[in-house]
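K.L.:
Data file query.txt (compact mmCIF, C-alpha atoms) is appended below.
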# COMPACT_ATOMS: atom_id res chain seq x y z
CA GLY A 6 2.43 15.62 24.98
CA GLU A 7 0.66 12.58 23.63
CA ASN A 8 1.16 9.19 25.26
CA VAL A 9 0.08 5.93 23.60
CA GLU A 10 -0.17 2.66 25.50
CA GLN A 11 -0.45 -0.63 23.62
CA HIS A 12 -1.49 -4.08 24.87
CA PRO A 13 -0.61 -6.88 24.84
CA SER A 14 3.13 -6.76 24.21
CA THR A 15 3.07 -10.31 22.84
CA LEU A 16 0.19 -12.31 21.41
CA SER A 17 0.23 -15.90 20.25
CA VAL A 18 -2.72 -17.32 18.31
CA GLN A 19 -3.48 -20.42 16.30
CA GLU A 20 -3.78 -20.06 12.56
CA GLY A 21 -7.37 -19.20 11.66
CA ASP A 22 -8.13 -17.56 15.01
CA SER A 23 -8.71 -13.84 15.50
CA ALA A 24 -6.25 -11.41 17.07
CA VAL A 25 -7.07 -8.16 18.84
CA ILE A 26 -4.58 -5.47 19.81
CA LYS A 27 -5.66 -2.49 21.91
CA CYS A 28 -4.27 1.03 22.30
CA THR A 29 -5.17 3.99 24.46
CA TYR A 30 -4.13 7.58 23.91
CA SER A 31 -4.02 10.54 26.25
CA ASP A 32 -4.53 13.67 24.13
CA SER A 33 -8.13 14.28 23.09
CA ALA A 34 -6.86 16.52 20.26
CA SER A 35 -5.42 13.49 18.43
CA ASN A 36 -7.50 12.76 15.34
CA TYR A 37 -5.54 10.30 13.20
CA PHE A 38 -4.73 6.73 14.22
CA PRO A 39 -2.65 4.53 11.90
CA TRP A 40 -1.51 0.95 12.41
CA TYR A 41 1.82 -0.29 11.13
CA LYS A 42 3.14 -3.80 10.61
CA GLN A 43 6.88 -4.34 10.94
CA GLU A 44 8.71 -7.51 10.06
CA LEU A 45 12.12 -8.15 11.57
CA GLY A 46 14.68 -5.64 10.30
CA LYS A 47 12.22 -4.09 7.84
CA ARG A 48 10.42 -0.76 7.64
CA PRO A 49 7.05 -0.17 9.32
CA GLN A 50 4.30 -0.62 6.72
CA LEU A 51 0.97 1.17 7.02
CA ILE A 52 -1.79 -1.44 7.02
CA ILE A 53 -4.85 0.55 8.01
CA ASP A 54 -5.73 3.89 9.55
CA ILE A 55 -8.76 5.64 10.99
CA ARG A 56 -9.65 9.26 11.49
CA SER A 57 -11.65 10.63 14.40
CA ASN A 58 -14.78 11.28 12.36
CA VAL A 59 -15.48 7.54 11.95
CA GLY A 60 -15.88 4.72 14.46
CA GLU A 61 -14.84 1.72 12.40
CA LYS A 62 -12.97 0.90 9.22
CA LYS A 63 -12.47 -2.47 7.56
CA ASP A 64 -10.13 -3.76 4.86
CA GLN A 65 -10.53 -7.45 4.09
CA ARG A 66 -9.32 -9.38 7.16
CA ILE A 67 -8.30 -6.34 9.20
CA ALA A 68 -10.48 -3.77 10.92
CA VAL A 69 -9.91 -0.90 13.29
CA THR A 70 -12.38 0.54 15.78
CA LEU A 71 -12.16 3.89 17.56
CA ASN A 72 -13.86 5.05 20.75
CA LYS A 73 -13.15 8.78 21.08
CA THR A 74 -14.94 9.10 24.40
CA ALA A 75 -12.81 6.43 26.03
CA LYS A 76 -9.74 7.40 23.97
CA HIS A 77 -8.98 3.94 22.78
CA PHE A 78 -8.72 2.15 19.45
CA SER A 79 -8.21 -1.46 18.49
CA LEU A 80 -6.91 -3.55 15.62
CA HIS A 81 -8.78 -6.74 14.73
CA ILE A 82 -7.29 -9.39 12.47
CA THR A 83 -9.57 -12.28 11.50
CA GLU A 84 -8.64 -15.67 10.02
CA THR A 85 -5.00 -15.15 10.95
CA GLN A 86 -2.30 -16.64 8.76
CA PRO A 87 1.39 -17.38 9.50
CA GLU A 88 2.38 -14.42 7.31
CA ASP A 89 0.54 -12.13 9.74
CA SER A 90 3.32 -12.84 12.25
CA ALA A 91 5.13 -9.53 12.86
CA VAL A 92 5.29 -6.62 15.29
CA TYR A 93 2.29 -4.29 15.08
CA PHE A 94 2.44 -0.66 16.18
CA CYS A 95 -0.42 1.71 16.81
CA ALA A 96 0.13 5.45 16.63
CA ALA A 97 -1.68 8.72 17.20
CA SER A 98 -1.31 12.08 15.54
CA GLN A 99 -2.84 15.55 15.49
CA ASN A 100 -3.56 17.84 12.58
CA ASN A 101 -1.64 20.83 13.79
CA ALA A 102 1.69 22.51 13.16
CA GLY A 103 3.46 19.18 13.32
CA ASN A 104 1.67 15.90 12.74
CA MET A 105 4.35 13.59 14.05
CA LEU A 106 3.31 10.10 15.06
CA THR A 107 3.44 9.01 18.68
CA PHE A 108 3.79 5.23 18.70
CA GLY A 109 2.68 2.59 21.14
CA GLY A 110 5.25 0.11 22.39
CA GLY A 111 4.36 -2.58 19.84
CA THR A 112 2.77 -6.02 19.92
CA ARG A 113 4.63 -9.08 18.72
CA LEU A 114 2.02 -11.32 17.05
CA MET A 115 2.89 -14.96 16.49
CA VAL A 116 0.53 -17.08 14.41
CA LYS A 117 1.14 -20.77 14.91
CA PRO A 118 0.36 -23.04 11.94
CA ASP B 18 8.51 -0.54 -1.80
CA SER B 19 7.21 2.69 -0.27
CA GLY B 20 9.05 5.01 -2.66
CA VAL B 21 11.09 6.50 0.19
CA THR B 22 14.82 5.80 -0.11
CA GLN B 23 17.48 5.95 2.58
CA THR B 24 21.25 5.61 2.42
CA PRO B 25 23.33 3.99 3.65
CA LYS B 26 21.60 0.76 4.74
CA HIS B 27 24.19 0.02 7.37
CA LEU B 28 26.73 2.20 9.12
CA ILE B 29 29.33 1.08 11.62
CA THR B 30 31.39 3.72 13.37
CA ALA B 31 33.19 4.50 16.61
CA THR B 32 32.22 6.58 19.61
CA GLY B 33 32.91 10.27 19.19
CA GLN B 34 32.50 10.18 15.41
CA ARG B 35 30.01 12.03 13.19
CA VAL B 36 27.77 10.49 10.52
CA THR B 37 25.20 11.71 8.00
CA LEU B 38 22.11 9.76 7.05
CA ARG B 39 20.29 10.60 3.84
CA CYS B 40 16.62 10.33 2.89
CA SER B 41 14.77 10.97 -0.36
CA PRO B 42 10.99 11.27 0.03
CA ARG B 43 8.38 9.86 -2.34
CA SER B 44 7.86 11.90 -5.47
CA GLY B 45 5.48 14.76 -4.64
CA ASP B 46 5.83 14.48 -0.87
CA LEU B 47 6.82 17.74 0.80
CA SER B 48 7.11 16.58 4.38
CA VAL B 49 9.91 14.45 5.82
CA TYR B 50 10.04 12.92 9.29
CA TRP B 51 12.90 11.22 11.12
CA TYR B 52 12.30 8.47 13.68
CA GLN B 53 14.68 6.48 15.85
CA GLN B 54 13.95 2.86 16.74
CA SER B 55 15.94 1.27 19.51
CA LEU B 56 15.20 -1.89 21.49
CA ASP B 57 14.45 -0.11 24.75
CA GLN B 58 12.83 3.09 23.43
CA GLY B 59 10.64 1.82 20.60
CA LEU B 60 9.84 4.14 17.70
CA GLN B 61 10.46 7.76 18.65
CA PHE B 62 9.88 10.89 16.60
CA LEU B 63 12.95 13.08 16.18
CA ILE B 64 12.15 15.93 13.80
CA GLN B 65 9.93 16.98 10.89
CA TYR B 66 10.61 19.20 7.89
CA TYR B 67 8.05 20.58 5.50
CA ASN B 68 9.14 22.11 2.19
CA GLY B 69 12.55 23.00 3.56
CA GLU B 70 11.45 24.40 6.92
CA GLU B 71 11.61 22.74 10.32
CA ARG B 72 8.02 22.07 11.40
CA ALA B 73 8.17 20.04 14.59
CA LYS B 74 10.77 18.74 17.00
CA GLY B 75 10.54 15.68 19.18
CA ASN B 76 13.06 13.92 21.38
CA ILE B 77 16.05 14.95 19.34
CA LEU B 78 19.37 15.35 21.13
CA GLU B 79 21.39 18.55 20.72
CA ARG B 80 24.14 16.42 19.15
CA PHE B 81 21.73 15.61 16.32
CA SER B 82 20.63 18.00 13.59
CA ALA B 83 18.77 17.76 10.32
CA GLN B 84 17.93 19.76 7.25
CA GLN B 85 15.80 19.51 4.13
CA PHE B 86 17.25 20.71 0.86
CA PRO B 87 15.53 22.49 -2.08
CA ASP B 88 15.17 19.15 -3.90
CA LEU B 89 13.33 17.94 -0.76
CA HIS B 90 15.82 15.29 0.24
CA SER B 91 16.79 15.40 3.91
CA GLU B 92 19.89 14.63 5.92
CA LEU B 93 20.17 13.71 9.58
CA ASN B 94 23.53 14.51 11.14
CA LEU B 95 24.59 12.68 14.28
CA SER B 96 27.73 13.88 16.05
CA SER B 97 29.80 12.94 19.12
CA LEU B 98 28.29 9.49 18.80
CA GLU B 99 27.75 7.36 21.88
CA LEU B 100 27.08 3.63 22.24
CA GLY B 101 23.45 4.40 23.05
CA ASP B 102 22.94 6.02 19.64
CA SER B 103 23.05 2.58 18.04
CA ALA B 104 19.60 2.14 16.51
CA LEU B 105 17.56 1.94 13.35
CA TYR B 106 16.89 5.40 11.92
CA PHE B 107 13.84 5.69 9.73
CA CYS B 108 12.77 8.48 7.46
CA ALA B 109 9.11 8.83 6.49
CA SER B 110 7.38 11.17 4.07
CA SER B 111 3.88 12.45 3.48
CA VAL B 112 2.20 14.64 0.90
CA VAL B 113 1.66 17.64 3.09
CA GLY B 114 2.45 18.57 6.66
CA THR B 115 -1.03 17.89 7.93
CA THR B 116 -2.65 14.65 9.00
CA ASN B 117 -1.79 12.32 6.18
CA GLU B 118 -0.41 8.88 5.73
CA GLN B 119 3.31 8.59 6.42
CA PHE B 120 5.32 6.12 4.38
CA PHE B 121 8.55 4.81 5.79
CA GLY B 122 11.86 4.21 4.10
CA PRO B 123 13.91 1.02 4.64
CA GLY B 124 15.93 2.59 7.43
CA THR B 125 19.62 2.98 8.25
CA ARG B 126 21.04 0.67 10.88
CA LEU B 127 23.67 2.55 12.87
CA THR B 128 26.08 0.64 15.05
CA VAL B 129 28.39 2.61 17.31
CA LEU B 130 31.33 0.59 18.67
Please re-express this file's structure in structure tokens.
P.N.:
Amino acid sequence: GENVEQHPSTLSVQEGDSAVIKCTYSDSASNYFPWYKQELGKRPQLIIDIRSNVGEKKDQRIAVTLNKTAKHFSLHITETQPEDSAVYFCAASQNNAGNMLTFGGGTRLMVKP
Amino acid sequence: DSGVTQTPKHLITATGQRVTLRCSPRSGDLSVYWYQQSLDQGLQFLIQYYNGEERAKGNILERFSAQQFPDLHSELNLSSLELGDSALYFCASSVVGTTNEQFFGPGTRLTVL
């Protein structure tokens, strides 16, 4: 089955700096890669996603890049703000009989004011 | 608010007991997914239903079962509960059973004493 590795597990940045979180996946059949933000005790919220037919997608201060050959994808947050502090999860999925998400282990991002 | 509802929010029970968690998907969504989030295991896929039929199974224990009803709401039944079953249980829904965005409910926090 699919295996998703996520790094780093914790990341501390100064407000205004950029943050980068990286994930690798094992199954070349995976073709959908969402990122979720989860605040303490709350539900995971989809913040951005990318499909395997594109290499990059941007939405205001967040962007995701995908390298299918290397089987890795990254989340980039620019001009970080204290409200960006949360746990971020990457995930991978296939378009087949069951498109369940396989999650990475999560990255705790702390943005210091 | 994702539009996915889950009840109850919190559940405290004893080992050996049985509980039922309920999920109502977003209006129009046919597919329901159940995920378990524990401190040491992260977010793990349990099972998926699509329009009333089981579509995919993940790391779901034999003590756990689920179903999706004609009105598309779903129930996750956990029996012979053990201390290690204490976790956050999330339900997510998507429009169809293929690669599409999954939106998570607020979760049910289960504590087994």
K.L.:
Write out as a PyMOL selection string which residues come within 10 Å of stretch 98-106 of chain B when counting only C-alpha atoms, dropping same-chain ones fewer than 3 positions away.
P.N.:
(chain A and resi 46-48) or (chain B and resi 23+26-36+38+51-61+63+80-81+93+95+122-130)
K.L.:
Counting only C-alpha atoms, a student should be able to say which residues of chain A come within 10 Å of chain B; what is the right answer, written as a ChimeraX atom specification?
P.N.:
/A:6,35-39,41,46-51,53-54,56,94,96,98-111
K.L.:
For the atom pair atom CA of A:Ala91 and atom CA of A:Ile55, what is the interatomic distance in Å to one decimal place?
P.N.:
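Spanning atom CA of A:Ala91 to atom CA of A:Ile55 is a straight-line distance of 20.7 Å.
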K.L.:
Using only C-alpha atoms - which residues lie no farther than 9 Å from the point (-9.0, 12.6, 21.7) in the file's frame? Write them as a PyMOL selection string.
P.N.:
chain A and resi 30-36+57+73-77
K.L.:
Between atom CA of A:Ser14 and atom CA of A:Leu45, what is the spacing in Å?
P.N.:
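Computed distance, atom CA of A:Leu45 to atom CA of A:Ser14, equals 15.6 Å.
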K.L.:
To one decimal place in Å, what is the distance between atom CA of A:Asn8 and atom CA of B:His90?
P.N.:
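Result for atom CA of A:Asn8 versus atom CA of B:His90: 29.6 Å, one decimal.
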K.L.:
Under the rule that all atoms listed in the file are counted, which of B:Asn68, B:Thr22, B:Gln85, B:Asn76 is the nearest residue to B:Cys40?
P.N.:
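That would be B:Thr22, the residue with the smallest distance to B:Cys40.
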K.L.:
Of the residues A:Pro13, A:Thr83, A:Glu20, A:Phe78, which is the one nearest to A:Gln65, using only C-alpha atoms?
P.N.:
A:Thr83
K.L.:
Please supply stretch 65-76 of chain B, rebuilt with all heavy atoms, as a PDB file, in the coordinates of the input.
P.N.:
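Final file, selection24.pdb:
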ATOM      1  N   GLN B  65      10.691  16.922  12.129  1.00  0.00           N
ATOM      2  CA  GLN B  65       9.930  16.980  10.890  1.00  0.00           C
ATOM      3  C   GLN B  65      10.314  18.230  10.112  1.00  0.00           C
ATOM      4  O   GLN B  65      10.469  19.308  10.684  1.00  0.00           O
ATOM      5  CB  GLN B  65       8.430  17.021  11.174  1.00  0.00           C
ATOM      6  CG  GLN B  65       7.567  17.178   9.922  1.00  0.00           C
ATOM      7  CD  GLN B  65       6.155  17.650  10.208  1.00  0.00           C
ATOM      8  OE1 GLN B  65       5.792  17.937  11.337  1.00  0.00           O
ATOM      9  NE2 GLN B  65       5.343  17.753   9.170  1.00  0.00           N
ATOM     10  N   TYR B  66      10.427  18.072   8.789  1.00  0.00           N
ATOM     11  CA  TYR B  66      10.610  19.200   7.890  1.00  0.00           C
ATOM     12  C   TYR B  66       9.493  19.218   6.869  1.00  0.00           C
ATOM     13  O   TYR B  66       8.995  18.165   6.439  1.00  0.00           O
ATOM     14  CB  TYR B  66      11.969  19.099   7.163  1.00  0.00           C
ATOM     15  CG  TYR B  66      13.094  19.617   8.011  1.00  0.00           C
ATOM     16  CD1 TYR B  66      13.677  18.803   8.980  1.00  0.00           C
ATOM     17  CD2 TYR B  66      13.542  20.922   7.893  1.00  0.00           C
ATOM     18  CE1 TYR B  66      14.692  19.274   9.794  1.00  0.00           C
ATOM     19  CE2 TYR B  66      14.562  21.409   8.700  1.00  0.00           C
ATOM     20  CZ  TYR B  66      15.120  20.576   9.652  1.00  0.00           C
ATOM     21  OH  TYR B  66      16.114  21.054  10.464  1.00  0.00           O
ATOM     22  N   TYR B  67       9.085  20.416   6.518  1.00  0.00           N
ATOM     23  CA  TYR B  67       8.050  20.580   5.500  1.00  0.00           C
ATOM     24  C   TYR B  67       8.531  21.631   4.510  1.00  0.00           C
ATOM     25  O   TYR B  67       8.725  22.776   4.880  1.00  0.00           O
ATOM     26  CB  TYR B  67       6.717  20.997   6.127  1.00  0.00           C
ATOM     27  CG  TYR B  67       5.656  21.341   5.116  1.00  0.00           C
ATOM     28  CD1 TYR B  67       5.105  20.365   4.298  1.00  0.00           C
ATOM     29  CD2 TYR B  67       5.207  22.655   4.971  1.00  0.00           C
ATOM     30  CE1 TYR B  67       4.148  20.679   3.357  1.00  0.00           C
ATOM     31  CE2 TYR B  67       4.240  22.976   4.033  1.00  0.00           C
ATOM     32  CZ  TYR B  67       3.714  21.984   3.228  1.00  0.00           C
ATOM     33  OH  TYR B  67       2.754  22.282   2.298  1.00  0.00           O
ATOM     34  N   ASN B  68       8.732  21.212   3.275  1.00  0.00           N
ATOM     35  CA  ASN B  68       9.140  22.110   2.190  1.00  0.00           C
ATOM     36  C   ASN B  68      10.348  22.965   2.588  1.00  0.00           C
ATOM     37  O   ASN B  68      10.377  24.162   2.322  1.00  0.00           O
ATOM     38  CB  ASN B  68       7.965  23.000   1.786  1.00  0.00           C
ATOM     39  CG  ASN B  68       8.080  23.484   0.359  1.00  0.00           C
ATOM     40  OD1 ASN B  68       8.827  22.918  -0.449  1.00  0.00           O
ATOM     41  ND2 ASN B  68       7.373  24.552   0.048  1.00  0.00           N
ATOM     42  N   GLY B  69      11.304  22.336   3.243  1.00  0.00           N
ATOM     43  CA  GLY B  69      12.550  23.000   3.560  1.00  0.00           C
ATOM     44  C   GLY B  69      12.620  23.652   4.933  1.00  0.00           C
ATOM     45  O   GLY B  69      13.692  24.056   5.381  1.00  0.00           O
ATOM     46  N   GLU B  70      11.478  23.729   5.615  1.00  0.00           N
ATOM     47  CA  GLU B  70      11.450  24.400   6.920  1.00  0.00           C
ATOM     48  C   GLU B  70      11.208  23.386   8.032  1.00  0.00           C
ATOM     49  O   GLU B  70      10.395  22.466   7.886  1.00  0.00           O
ATOM     50  CB  GLU B  70      10.321  25.442   6.957  1.00  0.00           C
ATOM     51  CG  GLU B  70      10.439  26.533   5.915  1.00  0.00           C
ATOM     52  CD  GLU B  70      11.580  27.497   6.221  1.00  0.00           C
ATOM     53  OE1 GLU B  70      11.833  27.742   7.418  1.00  0.00           O
ATOM     54  OE2 GLU B  70      12.209  27.990   5.272  1.00  0.00           O
ATOM     55  N   GLU B  71      11.871  23.585   9.162  1.00  0.00           N
ATOM     56  CA  GLU B  71      11.610  22.740  10.320  1.00  0.00           C
ATOM     57  C   GLU B  71      10.192  22.988  10.802  1.00  0.00           C
ATOM     58  O   GLU B  71       9.787  24.150  10.999  1.00  0.00           O
ATOM     59  CB  GLU B  71      12.608  23.033  11.440  1.00  0.00           C
ATOM     60  CG  GLU B  71      12.408  22.171  12.677  1.00  0.00           C
ATOM     61  CD  GLU B  71      13.347  22.573  13.797  1.00  0.00           C
ATOM     62  OE1 GLU B  71      14.569  22.612  13.581  1.00  0.00           O
ATOM     63  OE2 GLU B  71      12.844  22.863  14.909  1.00  0.00           O
ATOM     64  N   ARG B  72       9.430  21.891  11.039  1.00  0.00           N
ATOM     65  CA  ARG B  72       8.020  22.070  11.400  1.00  0.00           C
ATOM     66  C   ARG B  72       7.729  21.597  12.818  1.00  0.00           C
ATOM     67  O   ARG B  72       6.871  22.140  13.486  1.00  0.00           O
ATOM     68  CB  ARG B  72       7.133  21.296  10.439  1.00  0.00           C
ATOM     69  CG  ARG B  72       5.666  21.650  10.577  1.00  0.00           C
ATOM     70  CD  ARG B  72       5.041  21.792   9.253  1.00  0.00           C
ATOM     71  NE  ARG B  72       3.704  22.361   9.371  1.00  0.00           N
ATOM     72  CZ  ARG B  72       2.769  22.220   8.477  1.00  0.00           C
ATOM     73  NH1 ARG B  72       2.998  21.503   7.414  1.00  0.00           N
ATOM     74  NH2 ARG B  72       1.591  22.781   8.640  1.00  0.00           N
ATOM     75  N   ALA B  73       8.406  20.555  13.245  1.00  0.00           N
ATOM     76  CA  ALA B  73       8.170  20.040  14.590  1.00  0.00           C
ATOM     77  C   ALA B  73       9.419  19.321  15.077  1.00  0.00           C
ATOM     78  O   ALA B  73      10.180  18.765  14.287  1.00  0.00           O
ATOM     79  CB  ALA B  73       6.973  19.094  14.616  1.00  0.00           C
ATOM     80  N   LYS B  74       9.607  19.371  16.389  1.00  0.00           N
ATOM     81  CA  LYS B  74      10.770  18.740  17.000  1.00  0.00           C
ATOM     82  C   LYS B  74      10.300  17.811  18.088  1.00  0.00           C
ATOM     83  O   LYS B  74       9.431  18.169  18.888  1.00  0.00           O
ATOM     84  CB  LYS B  74      11.660  19.829  17.591  1.00  0.00           C
ATOM     85  CG  LYS B  74      13.122  19.697  17.277  1.00  0.00           C
ATOM     86  CD  LYS B  74      13.867  20.965  17.657  1.00  0.00           C
ATOM     87  CE  LYS B  74      15.316  20.866  17.262  1.00  0.00           C
ATOM     88  NZ  LYS B  74      16.061  22.091  17.539  1.00  0.00           N
ATOM     89  N   GLY B  75      10.881  16.636  18.141  1.00  0.00           N
ATOM     90  CA  GLY B  75      10.540  15.680  19.180  1.00  0.00           C
ATOM     91  C   GLY B  75      11.719  15.477  20.104  1.00  0.00           C
ATOM     92  O   GLY B  75      12.400  16.418  20.486  1.00  0.00           O
ATOM     93  N   ASN B  76      11.970  14.237  20.446  1.00  0.00           N
ATOM     94  CA  ASN B  76      13.060  13.920  21.380  1.00  0.00           C
ATOM     95  C   ASN B  76      14.396  13.854  20.676  1.00  0.00           C
ATOM     96  O   ASN B  76      15.076  12.836  20.710  1.00  0.00           O
ATOM     97  CB  ASN B  76      12.765  12.582  22.054  1.00  0.00           C
ATOM     98  CG  ASN B  76      11.475  12.633  22.847  1.00  0.00           C
ATOM     99  OD1 ASN B  76      11.195  13.624  23.502  1.00  0.00           O
ATOM    100  ND2 ASN B  76      10.697  11.576  22.773  1.00  0.00           N
TER     101      ASN B  76
END
